[in-house]
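S.K.: Next up, data.cif (mmCIF, C-alpha atoms and all ligand atoms).
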```cif
data_data
loop_
_atom_site.group_PDB
_atom_site.id
_atom_site.type_symbol
_atom_site.label_atom_id
_atom_site.label_comp_id
_atom_site.auth_asym_id
_atom_site.auth_seq_id
_atom_site.Cartn_x
_atom_site.Cartn_y
_atom_site.Cartn_z
ATOM 1 C CA MET A 12 -35.697 -143.353 152.434
ATOM 2 C CA THR A 13 -34.306 -140.233 154.005
ATOM 3 C CA ALA A 14 -30.558 -140.469 154.626
ATOM 4 C CA LEU A 15 -30.381 -137.346 156.753
ATOM 5 C CA SER A 16 -32.915 -135.033 158.308
ATOM 6 C CA LEU A 17 -32.403 -131.853 160.278
ATOM 7 C CA ARG A 18 -35.256 -130.343 162.244
ATOM 8 C CA ASN A 19 -34.984 -126.857 163.710
ATOM 9 C CA VAL A 20 -31.293 -127.267 164.362
ATOM 10 C CA ASN A 21 -29.658 -124.455 166.322
ATOM 11 C CA LYS A 22 -26.088 -124.230 167.509
ATOM 12 C CA SER A 23 -24.576 -121.567 169.756
ATOM 13 C CA PHE A 24 -21.074 -121.215 171.113
ATOM 14 C CA GLY A 25 -21.666 -119.214 174.289
ATOM 15 C CA GLU A 26 -23.358 -116.013 173.169
ATOM 16 C CA VAL A 27 -22.661 -116.620 169.497
ATOM 17 C CA HIS A 28 -25.632 -118.077 167.642
ATOM 18 C CA VAL A 29 -23.980 -119.839 164.692
ATOM 19 C CA LEU A 30 -26.731 -122.091 163.234
ATOM 20 C CA LYS A 31 -30.283 -120.783 163.119
ATOM 21 C CA ASP A 32 -33.270 -123.081 162.700
ATOM 22 C CA ILE A 33 -31.884 -125.334 160.000
ATOM 23 C CA ASN A 34 -34.386 -127.702 158.363
ATOM 24 C CA LEU A 35 -33.270 -130.064 155.648
ATOM 25 C CA ASP A 36 -33.770 -133.556 154.217
ATOM 26 C CA VAL A 37 -31.225 -135.491 152.207
ATOM 27 C CA GLU A 38 -32.660 -138.491 150.354
ATOM 28 C CA ASP A 39 -30.811 -141.757 149.768
ATOM 29 C CA GLY A 40 -28.258 -141.336 147.019
ATOM 30 C CA GLU A 41 -28.652 -137.576 146.822
ATOM 31 C CA PHE A 42 -25.666 -135.229 146.388
ATOM 32 C CA VAL A 43 -26.343 -132.118 148.463
ATOM 33 C CA VAL A 44 -23.979 -129.151 148.490
ATOM 34 C CA PHE A 45 -23.887 -126.522 151.246
ATOM 35 C CA VAL A 46 -22.571 -123.289 149.847
ATOM 36 C CA GLY A 47 -22.002 -119.923 151.474
ATOM 37 C CA PRO A 48 -19.308 -117.429 152.359
ATOM 38 C CA SER A 49 -16.540 -118.113 154.831
ATOM 39 C CA GLY A 50 -17.787 -117.964 158.425
ATOM 40 C CA CYS A 51 -21.464 -118.647 157.610
ATOM 41 C CA GLY A 52 -21.461 -121.906 159.599
ATOM 42 C CA LYS A 53 -20.840 -124.610 156.986
ATOM 43 C CA SER A 54 -18.208 -126.533 158.955
ATOM 44 C CA THR A 55 -20.200 -126.204 162.160
ATOM 45 C CA LEU A 56 -23.243 -127.622 160.394
ATOM 46 C CA LEU A 57 -21.225 -130.568 159.089
ATOM 47 C CA ARG A 58 -19.789 -131.221 162.548
ATOM 48 C CA VAL A 59 -23.274 -131.151 164.079
ATOM 49 C CA ILE A 60 -24.482 -133.608 161.397
ATOM 50 C CA ALA A 61 -21.537 -135.896 162.163
ATOM 51 C CA GLY A 62 -22.275 -135.677 165.876
ATOM 52 C CA LEU A 63 -18.850 -134.149 166.552
ATOM 53 C CA GLU A 64 -20.737 -131.225 168.092
ATOM 54 C CA ASP A 65 -24.128 -131.448 169.772
ATOM 55 C CA ALA A 66 -26.849 -129.136 168.493
ATOM 56 C CA THR A 67 -27.996 -126.614 171.108
ATOM 57 C CA SER A 68 -31.570 -127.470 170.107
ATOM 58 C CA GLY A 69 -33.330 -129.403 167.374
ATOM 59 C CA GLU A 70 -32.705 -132.855 166.008
ATOM 60 C CA VAL A 71 -30.347 -134.559 163.574
ATOM 61 C CA ARG A 72 -31.318 -137.996 162.274
ATOM 62 C CA ILE A 73 -29.173 -140.204 160.058
ATOM 63 C CA GLY A 74 -31.088 -143.063 158.447
ATOM 64 C CA GLY A 75 -33.830 -142.431 161.015
ATOM 65 C CA ASP A 76 -31.559 -142.635 164.084
ATOM 66 C CA VAL A 77 -30.884 -139.604 166.286
ATOM 67 C CA VAL A 78 -27.191 -138.972 165.765
ATOM 68 C CA ASN A 79 -26.092 -138.164 169.292
ATOM 69 C CA LEU A 80 -27.913 -141.235 170.649
ATOM 70 C CA THR A 81 -26.051 -143.515 168.211
ATOM 71 C CA PRO A 82 -22.487 -144.709 168.854
ATOM 72 C CA PRO A 83 -20.043 -143.225 166.296
ATOM 73 C CA SER A 84 -19.263 -146.589 164.656
ATOM 74 C CA LYS A 85 -22.979 -147.201 164.020
ATOM 75 C CA ARG A 86 -23.786 -143.837 162.432
ATOM 76 C CA GLY A 87 -22.940 -144.967 158.900
ATOM 77 C CA ILE A 88 -21.077 -141.774 158.056
ATOM 78 C CA ALA A 89 -17.536 -140.915 157.058
ATOM 79 C CA MET A 90 -16.067 -137.440 156.857
ATOM 80 C CA VAL A 91 -13.379 -136.006 154.573
ATOM 81 C CA PHE A 92 -11.654 -132.868 155.824
ATOM 82 C CA GLN A 93 -10.078 -129.962 153.978
ATOM 83 C CA SER A 94 -6.803 -130.567 155.821
ATOM 84 C CA TYR A 95 -6.876 -134.320 154.942
ATOM 85 C CA ALA A 96 -6.240 -135.143 158.642
ATOM 86 C CA LEU A 97 -4.099 -138.204 157.815
ATOM 87 C CA TYR A 98 -2.060 -139.913 160.510
ATOM 88 C CA PRO A 99 1.551 -139.008 159.663
ATOM 89 C CA HIS A 100 3.050 -142.073 161.360
ATOM 90 C CA LEU A 101 0.881 -144.517 159.391
ATOM 91 C CA SER A 102 1.323 -145.614 155.767
ATOM 92 C CA VAL A 103 -1.434 -145.077 153.232
ATOM 93 C CA ARG A 104 -2.603 -148.618 153.928
ATOM 94 C CA GLY A 105 -2.404 -147.947 157.681
ATOM 95 C CA ASN A 106 -4.499 -144.814 157.320
ATOM 96 C CA MET A 107 -7.084 -146.634 155.240
ATOM 97 C CA THR A 108 -7.378 -149.640 157.544
ATOM 98 C CA LEU A 109 -7.244 -148.079 161.021
ATOM 99 C CA ALA A 110 -10.984 -147.476 161.455
ATOM 100 C CA LEU A 111 -11.796 -150.921 160.039
ATOM 101 C CA LYS A 112 -9.448 -152.589 162.530
ATOM 102 C CA GLN A 113 -11.048 -150.584 165.333
ATOM 103 C CA GLU A 114 -14.460 -151.788 164.128
ATOM 104 C CA GLY A 115 -13.149 -155.362 164.376
ATOM 105 C CA GLN A 116 -13.494 -156.185 160.664
ATOM 106 C CA SER A 117 -11.768 -159.386 159.545
ATOM 107 C CA LYS A 118 -8.478 -159.303 157.631
ATOM 108 C CA PRO A 119 -9.972 -160.541 154.324
ATOM 109 C CA VAL A 120 -12.753 -157.925 154.490
ATOM 110 C CA ILE A 121 -10.224 -155.183 155.225
ATOM 111 C CA GLU A 122 -7.948 -156.295 152.379
ATOM 112 C CA GLU A 123 -10.821 -156.509 149.902
ATOM 113 C CA ARG A 124 -12.051 -153.022 150.753
ATOM 114 C CA VAL A 125 -8.564 -151.505 150.547
ATOM 115 C CA GLN A 126 -8.012 -153.125 147.141
ATOM 116 C CA LYS A 127 -11.337 -151.866 145.848
ATOM 117 C CA ALA A 128 -10.882 -148.302 147.115
ATOM 118 C CA SER A 129 -7.270 -148.019 146.005
ATOM 119 C CA LYS A 130 -8.247 -149.198 142.520
ATOM 120 C CA MET A 131 -11.032 -146.597 142.332
ATOM 121 C CA LEU A 132 -8.635 -143.845 143.375
ATOM 122 C CA ASP A 133 -5.446 -145.062 141.629
ATOM 123 C CA LEU A 134 -3.733 -145.439 144.968
ATOM 124 C CA ASP A 135 -2.300 -148.954 144.388
ATOM 125 C CA PRO A 136 1.297 -147.763 143.891
ATOM 126 C CA TYR A 137 1.232 -145.702 147.070
ATOM 127 C CA LEU A 138 -0.120 -148.089 149.686
ATOM 128 C CA ASP A 139 3.210 -148.424 151.494
ATOM 129 C CA ARG A 140 4.137 -144.756 151.392
ATOM 130 C CA PHE A 141 3.710 -142.292 154.232
ATOM 131 C CA PRO A 142 1.676 -139.081 153.933
ATOM 132 C CA SER A 143 4.855 -136.965 153.905
ATOM 133 C CA GLU A 144 5.907 -138.818 150.725
ATOM 134 C CA LEU A 145 2.728 -137.868 148.839
ATOM 135 C CA SER A 146 1.565 -134.809 146.914
ATOM 136 C CA GLY A 147 -1.425 -132.802 148.144
ATOM 137 C CA GLY A 148 -3.690 -134.410 145.555
ATOM 138 C CA GLN A 149 -2.561 -137.892 146.557
ATOM 139 C CA ARG A 150 -3.116 -137.110 150.223
ATOM 140 C CA GLN A 151 -6.629 -135.954 149.526
ATOM 141 C CA ARG A 152 -7.291 -139.179 147.587
ATOM 142 C CA VAL A 153 -6.084 -141.158 150.615
ATOM 143 C CA ALA A 154 -8.461 -139.168 152.809
ATOM 144 C CA ILE A 155 -11.290 -140.023 150.411
ATOM 145 C CA GLY A 156 -10.147 -143.673 150.301
ATOM 146 C CA ARG A 157 -10.177 -143.815 154.062
ATOM 147 C CA ALA A 158 -13.829 -142.762 153.958
ATOM 148 C CA ILE A 159 -14.759 -145.176 151.141
ATOM 149 C CA VAL A 160 -13.406 -148.313 152.868
ATOM 150 C CA ARG A 161 -15.842 -147.741 155.704
ATOM 151 C CA GLU A 162 -18.707 -148.098 153.211
ATOM 152 C CA PRO A 163 -20.751 -145.305 154.765
ATOM 153 C CA LYS A 164 -24.307 -144.565 153.704
ATOM 154 C CA LEU A 165 -23.527 -140.861 154.005
ATOM 155 C CA PHE A 166 -20.293 -139.084 153.094
ATOM 156 C CA LEU A 167 -19.541 -135.671 154.581
ATOM 157 C CA PHE A 168 -17.009 -133.505 152.730
ATOM 158 C CA ASP A 169 -15.705 -130.238 154.167
ATOM 159 C CA GLU A 170 -14.140 -128.179 151.353
ATOM 160 C CA PRO A 171 -12.102 -131.176 150.194
ATOM 161 C CA LEU A 172 -10.580 -129.394 147.207
ATOM 162 C CA SER A 173 -9.677 -126.032 148.651
ATOM 163 C CA ASN A 174 -6.014 -126.892 149.300
ATOM 164 C CA LEU A 175 -5.454 -128.173 145.753
ATOM 165 C CA ASP A 176 -4.286 -126.167 142.750
ATOM 166 C CA ALA A 177 -6.791 -125.353 139.992
ATOM 167 C CA ALA A 178 -6.046 -128.271 137.630
ATOM 168 C CA LEU A 179 -6.056 -130.827 140.398
ATOM 169 C CA ARG A 180 -9.205 -129.319 141.834
ATOM 170 C CA MET A 181 -11.055 -129.992 138.581
ATOM 171 C CA ASN A 182 -9.743 -133.576 138.312
ATOM 172 C CA THR A 183 -10.611 -134.392 141.879
ATOM 173 C CA ARG A 184 -14.041 -132.827 141.490
ATOM 174 C CA ILE A 185 -14.742 -135.099 138.529
ATOM 175 C CA GLU A 186 -13.409 -138.038 140.506
ATOM 176 C CA ILE A 187 -15.810 -137.276 143.374
ATOM 177 C CA ALA A 188 -18.730 -137.061 140.923
ATOM 178 C CA ASN A 189 -17.725 -140.463 139.495
ATOM 179 C CA LEU A 190 -17.450 -141.967 142.955
ATOM 180 C CA HIS A 191 -20.912 -140.732 143.777
ATOM 181 C CA ARG A 192 -22.230 -142.470 140.679
ATOM 182 C CA GLN A 193 -20.380 -145.714 141.425
ATOM 183 C CA LEU A 194 -21.112 -145.899 145.135
ATOM 184 C CA GLY A 195 -24.693 -144.654 145.125
ATOM 185 C CA ALA A 196 -24.204 -143.259 148.644
ATOM 186 C CA SER A 197 -25.613 -139.943 149.828
ATOM 187 C CA MET A 198 -23.140 -137.094 149.939
ATOM 188 C CA VAL A 199 -23.164 -133.792 151.790
ATOM 189 C CA TYR A 200 -20.488 -131.522 150.446
ATOM 190 C CA VAL A 201 -19.446 -128.141 151.799
ATOM 191 C CA THR A 202 -17.806 -125.525 149.613
ATOM 192 C CA HIS A 203 -17.596 -121.794 149.074
ATOM 193 C CA ASP A 204 -16.979 -122.396 145.368
ATOM 194 C CA GLN A 205 -19.972 -121.879 143.086
ATOM 195 C CA THR A 206 -18.549 -124.021 140.260
ATOM 196 C CA GLU A 207 -18.251 -126.989 142.595
ATOM 197 C CA ALA A 208 -21.789 -126.402 143.827
ATOM 198 C CA MET A 209 -23.304 -126.036 140.361
ATOM 199 C CA THR A 210 -21.515 -129.045 138.849
ATOM 200 C CA LEU A 211 -21.759 -131.553 141.701
ATOM 201 C CA ALA A 212 -25.110 -130.946 143.354
ATOM 202 C CA ASP A 213 -28.487 -132.551 142.917
ATOM 203 C CA LYS A 214 -29.604 -130.013 145.500
ATOM 204 C CA ILE A 215 -27.887 -126.856 146.745
ATOM 205 C CA VAL A 216 -28.422 -125.355 150.193
ATOM 206 C CA VAL A 217 -27.389 -121.697 150.284
ATOM 207 C CA LEU A 218 -26.330 -120.573 153.751
ATOM 208 C CA ARG A 219 -25.880 -117.057 155.018
ATOM 209 C CA GLU A 220 -24.982 -116.139 158.567
ATOM 210 C CA GLY A 221 -26.155 -119.506 159.865
ATOM 211 C CA ARG A 222 -29.502 -119.474 158.099
ATOM 212 C CA VAL A 223 -30.780 -121.329 155.030
ATOM 213 C CA GLU A 224 -31.469 -118.713 152.352
ATOM 214 C CA GLN A 225 -32.692 -121.132 149.686
ATOM 215 C CA ILE A 226 -32.732 -124.828 148.811
ATOM 216 C CA GLY A 227 -33.104 -126.011 145.236
ATOM 217 C CA SER A 228 -31.564 -127.681 142.228
ATOM 218 C CA PRO A 229 -28.685 -125.836 140.533
ATOM 219 C CA MET A 230 -31.051 -124.777 137.719
ATOM 220 C CA ASP A 231 -33.706 -123.561 140.196
ATOM 221 C CA LEU A 232 -31.219 -121.379 141.996
ATOM 222 C CA TYR A 233 -29.615 -120.131 138.823
ATOM 223 C CA ASN A 234 -32.881 -119.268 137.096
ATOM 224 C CA ASP A 235 -34.959 -118.272 140.073
ATOM 225 C CA PRO A 236 -32.833 -117.069 142.990
ATOM 226 C CA ALA A 237 -34.893 -116.159 146.049
ATOM 227 C CA ASN A 238 -33.021 -112.924 146.661
ATOM 228 C CA GLN A 239 -30.037 -110.756 145.789
ATOM 229 C CA PHE A 240 -27.722 -112.748 148.009
ATOM 230 C CA VAL A 241 -28.451 -116.050 146.265
ATOM 231 C CA ALA A 242 -28.322 -114.343 142.878
ATOM 232 C CA GLY A 243 -24.945 -112.856 143.736
ATOM 233 C CA PHE A 244 -23.634 -116.207 144.759
ATOM 234 C CA LEU A 245 -25.072 -118.532 142.142
ATOM 235 C CA GLY A 246 -27.670 -116.885 139.969
ATOM 236 C CA SER A 247 -27.585 -115.519 136.471
ATOM 237 C CA PRO A 248 -26.080 -112.041 136.192
ATOM 238 C CA SER A 249 -29.346 -110.364 135.012
HETATM 239 P P1 LIG B 301 -17.519 -121.812 157.679
HETATM 240 O O1 LIG B 301 -17.142 -123.257 157.691
HETATM 241 O O2 LIG B 301 -18.746 -121.514 156.888
HETATM 242 O O3 LIG B 301 -16.395 -120.932 157.251
HETATM 243 P P2 LIG B 301 -17.638 -122.129 160.578
HETATM 244 O O4 LIG B 301 -18.707 -123.128 160.800
HETATM 245 O O5 LIG B 301 -16.234 -122.598 160.683
HETATM 246 O O6 LIG B 301 -17.891 -121.383 159.176
HETATM 247 O O7 LIG B 301 -17.816 -120.945 161.617
HETATM 248 C C1 LIG B 301 -19.041 -120.236 161.762
HETATM 249 C C2 LIG B 301 -18.939 -119.301 162.934
HETATM 250 O O8 LIG B 301 -18.882 -120.060 164.125
HETATM 251 C C3 LIG B 301 -17.708 -118.421 162.939
HETATM 252 O O9 LIG B 301 -18.076 -117.148 163.372
HETATM 253 C C4 LIG B 301 -16.787 -119.098 163.919
HETATM 254 O O10 LIG B 301 -15.945 -118.188 164.537
HETATM 255 C C5 LIG B 301 -17.771 -119.703 164.916
HETATM 256 N N1 LIG B 301 -17.253 -120.929 165.555
HETATM 257 C C6 LIG B 301 -17.006 -122.113 164.942
HETATM 258 N N2 LIG B 301 -16.552 -123.038 165.805
HETATM 259 C C7 LIG B 301 -16.489 -122.410 167.016
HETATM 260 C C8 LIG B 301 -16.100 -122.818 168.346
HETATM 261 N N3 LIG B 301 -15.690 -124.068 168.586
HETATM 262 N N4 LIG B 301 -16.191 -121.896 169.324
HETATM 263 C C9 LIG B 301 -16.639 -120.645 169.082
HETATM 264 N N5 LIG B 301 -17.007 -120.211 167.887
HETATM 265 C C10 LIG B 301 -16.943 -121.065 166.858
HETATM 266 MG MG MG B 302 -15.385 -124.225 157.097
#
```
Please express what this file holds, its structure, as structure tokens.
Ligand code: ADP
Ligand code: MG
M.R.:
Amino acid sequence: MTALSLRNVNKSFGEVHVLKDINLDVEDGEFVVFVGPSGCGKSTLLRVIAGLEDATSGEVRIGGDVVNLTPPSKRGIAMVFQSYALYPHLSVRGNMTLALKQEGQSKPVIEERVQKASKMLDLDPYLDRFPSELSGGQRQRVAIGRAIVREPKLFLFDEPLSNLDAALRMNTRIEIANLHRQLGASMVYVTHDQTEAMTLADKIVVLREGRVEQIGSPMDLYNDPANQFVAGFLGSPS
């Protein structure tokens, strides 16, 4: 099954043409990384996939359903932002349960999912704390936990590690790889960091100025970059 498909997706803001004819399939369980320099359209692409922005033309389907014809709670996606985007007035537990309460999930289901996610992410000791009482790394784990409890088929990550220091970035990267293995969900992960792309991805999508330059496995792109730009970003130095 195809978890996500994009067909000729374009997005303009007024005169500014940000996404140009994007075509892409993400298969069930696949880990796909979008990589490219700052300003190339990565966040916009993720927002269009999530249905937070409508494409100007073209089509986005998640699990076969056209995203902007599907109510948000039925899209089967959860997004993790660079800025964590936690609710400051809610505890860790409150942040993790809010969407589930809004979906009308029962108390036992909510409790079971919170227990499971907080165990996976070592968040048990922090469930009653508020975001202001947590470190950056802990906040990002809460943001990831908040996505996990929704049991999405497709996770969307927008540079989730870029506000963390180097050591924490590596730990959290490994944690995300482990989660992918445990959960078996599809993941679309945006970064401008080539190490993250090379180590996490089944498939890398290289973006430049709103266009797909190349799609391939990390080894494909490393060994056989389509052009100088891809080589400069990910390829071997030769
Ligand atoms: P990236 O995430 O790769 O750094 P973005 O998707 O944030 O890139 O931005 C791509 C381009 O789209 C930038 O030139 C940015 O200024 C423009 N852009 C993004 N969102 C908007 C918006 N809401 N209105 C106008 N321009 C936007
Ligand atoms: Mg961005």
S.K.: Which residue out of A:Gly243, A:Gly227, A:Pro119, A:Pro48 has the minimum interatomic distance to ligand LIG 301 (chain B) when all atoms listed in the file are used?
M.R.: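 Distance minimum relative to ligand LIG 301 (chain B) lands on A:Pro48.
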S.K.: Can you pull out every residue with an atom within 8 Å of ligand MG 302 (chain B)? Use only C-alpha atoms and all ligand atoms and format it as a ChimeraX atom specification.
M.R.: /A:49-50,52-55,169-170,201-202
S.K.: Can you spit out the residues from that selection as a compact mmCIF listing (two decimals), in the frame of the given file, using C-alpha atoms?
M.R.:
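After the write, selection_27.txt holds the following:
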```txt
# COMPACT_ATOMS: atom_id res chain seq x y z
CA SER A 49 -16.54 -118.11 154.83
CA GLY A 50 -17.79 -117.96 158.43
CA GLY A 52 -21.46 -121.91 159.60
CA LYS A 53 -20.84 -124.61 156.99
CA SER A 54 -18.21 -126.53 158.96
CA THR A 55 -20.20 -126.20 162.16
CA ASP A 169 -15.70 -130.24 154.17
CA GLU A 170 -14.14 -128.18 151.35
CA VAL A 201 -19.45 -128.14 151.80
CA THR A 202 -17.81 -125.52 149.61
```
S.K.: Rank nothing, just name the residue among A:Asp176, A:Glu64, A:Asp213, A:Glu114 nearest to ligand LIG 301 (chain B), using only C-alpha atoms and all ligand atoms.
M.R.: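 Residue with the minimum atom-to-atom distance to ligand LIG 301 (chain B): A:Glu64.
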S.K.: With all atoms listed in the file as the basis for distance, which of A:Gly221, A:Gly148, A:Gly87, A:Gly195 is at the shortest distance from ligand LIG 301 (chain B)?
M.R.: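 Checking each candidate against ligand LIG 301 (chain B), we get A:Gly221 as the closest.
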S.K.: Have a look at CA of Gly62 (chain A) and CA of Ala188 (chain A) and let me know their distance in Å, one decimal.
M.R.: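 Calculated distance between CA of Gly62 (chain A) and CA of Ala188 (chain A) is 25.2 Å.
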S.K.: Please fill the gaps in region 99-115 of chain A so it has N, CA and C atoms, and write that as an mmCIF file, in the frame of the given file.
M.R.:
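The result, stored in rebuild18.cif:
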```cif
data_model
loop_
_atom_site.group_PDB
_atom_site.id
_atom_site.type_symbol
_atom_site.label_atom_id
_atom_site.label_comp_id
_atom_site.auth_asym_id
_atom_site.auth_seq_id
_atom_site.Cartn_x
_atom_site.Cartn_y
_atom_site.Cartn_z
ATOM 1 N N PRO A 99 0.242 -139.077 160.323
ATOM 2 C CA PRO A 99 1.551 -139.008 159.663
ATOM 3 C C PRO A 99 2.428 -140.239 159.905
ATOM 4 N N HIS A 100 2.199 -140.931 161.031
ATOM 5 C CA HIS A 100 3.050 -142.073 161.360
ATOM 6 C C HIS A 100 2.542 -143.371 160.750
ATOM 7 N N LEU A 101 1.420 -143.312 160.025
ATOM 8 C CA LEU A 101 0.881 -144.517 159.391
ATOM 9 C C LEU A 101 1.020 -144.419 157.873
ATOM 10 N N SER A 102 1.275 -145.558 157.230
ATOM 11 C CA SER A 102 1.323 -145.614 155.767
ATOM 12 C C SER A 102 -0.078 -145.342 155.207
ATOM 13 N N VAL A 103 -0.135 -145.238 153.889
ATOM 14 C CA VAL A 103 -1.434 -145.077 153.232
ATOM 15 C C VAL A 103 -2.351 -146.244 153.626
ATOM 16 N N ARG A 104 -1.808 -147.451 153.538
ATOM 17 C CA ARG A 104 -2.603 -148.618 153.928
ATOM 18 C C ARG A 104 -3.031 -148.514 155.396
ATOM 19 N N GLY A 105 -2.100 -148.084 156.254
ATOM 20 C CA GLY A 105 -2.404 -147.947 157.681
ATOM 21 C C GLY A 105 -3.507 -146.937 157.932
ATOM 22 N N ASN A 106 -3.448 -145.817 157.194
ATOM 23 C CA ASN A 106 -4.499 -144.814 157.320
ATOM 24 C C ASN A 106 -5.847 -145.358 156.873
ATOM 25 N N MET A 107 -5.819 -146.150 155.793
ATOM 26 C CA MET A 107 -7.084 -146.634 155.240
ATOM 27 C C MET A 107 -7.689 -147.751 156.084
ATOM 28 N N THR A 108 -6.860 -148.472 156.832
ATOM 29 C CA THR A 108 -7.378 -149.640 157.544
ATOM 30 C C THR A 108 -7.668 -149.398 159.026
ATOM 31 N N LEU A 109 -7.164 -148.278 159.564
ATOM 32 C CA LEU A 109 -7.244 -148.079 161.021
ATOM 33 C C LEU A 109 -8.674 -148.202 161.567
ATOM 34 N N ALA A 110 -9.605 -147.464 160.941
ATOM 35 C CA ALA A 110 -10.984 -147.476 161.455
ATOM 36 C C ALA A 110 -11.594 -148.872 161.325
ATOM 37 N N LEU A 111 -11.237 -149.576 160.249
ATOM 38 C CA LEU A 111 -11.796 -150.921 160.039
ATOM 39 C C LEU A 111 -11.286 -151.887 161.104
ATOM 40 N N LYS A 112 -10.001 -151.748 161.457
ATOM 41 C CA LYS A 112 -9.448 -152.589 162.530
ATOM 42 C C LYS A 112 -10.158 -152.282 163.845
ATOM 43 N N GLN A 113 -10.369 -150.965 164.086
ATOM 44 C CA GLN A 113 -11.048 -150.584 165.333
ATOM 45 C C GLN A 113 -12.475 -151.126 165.382
ATOM 46 N N GLU A 114 -13.102 -151.213 164.193
ATOM 47 C CA GLU A 114 -14.460 -151.788 164.128
ATOM 48 C C GLU A 114 -14.439 -153.303 164.304
ATOM 49 N N GLY A 115 -13.248 -153.917 164.234
ATOM 50 C CA GLY A 115 -13.149 -155.362 164.376
ATOM 51 C C GLY A 115 -13.450 -156.128 163.100
#
```
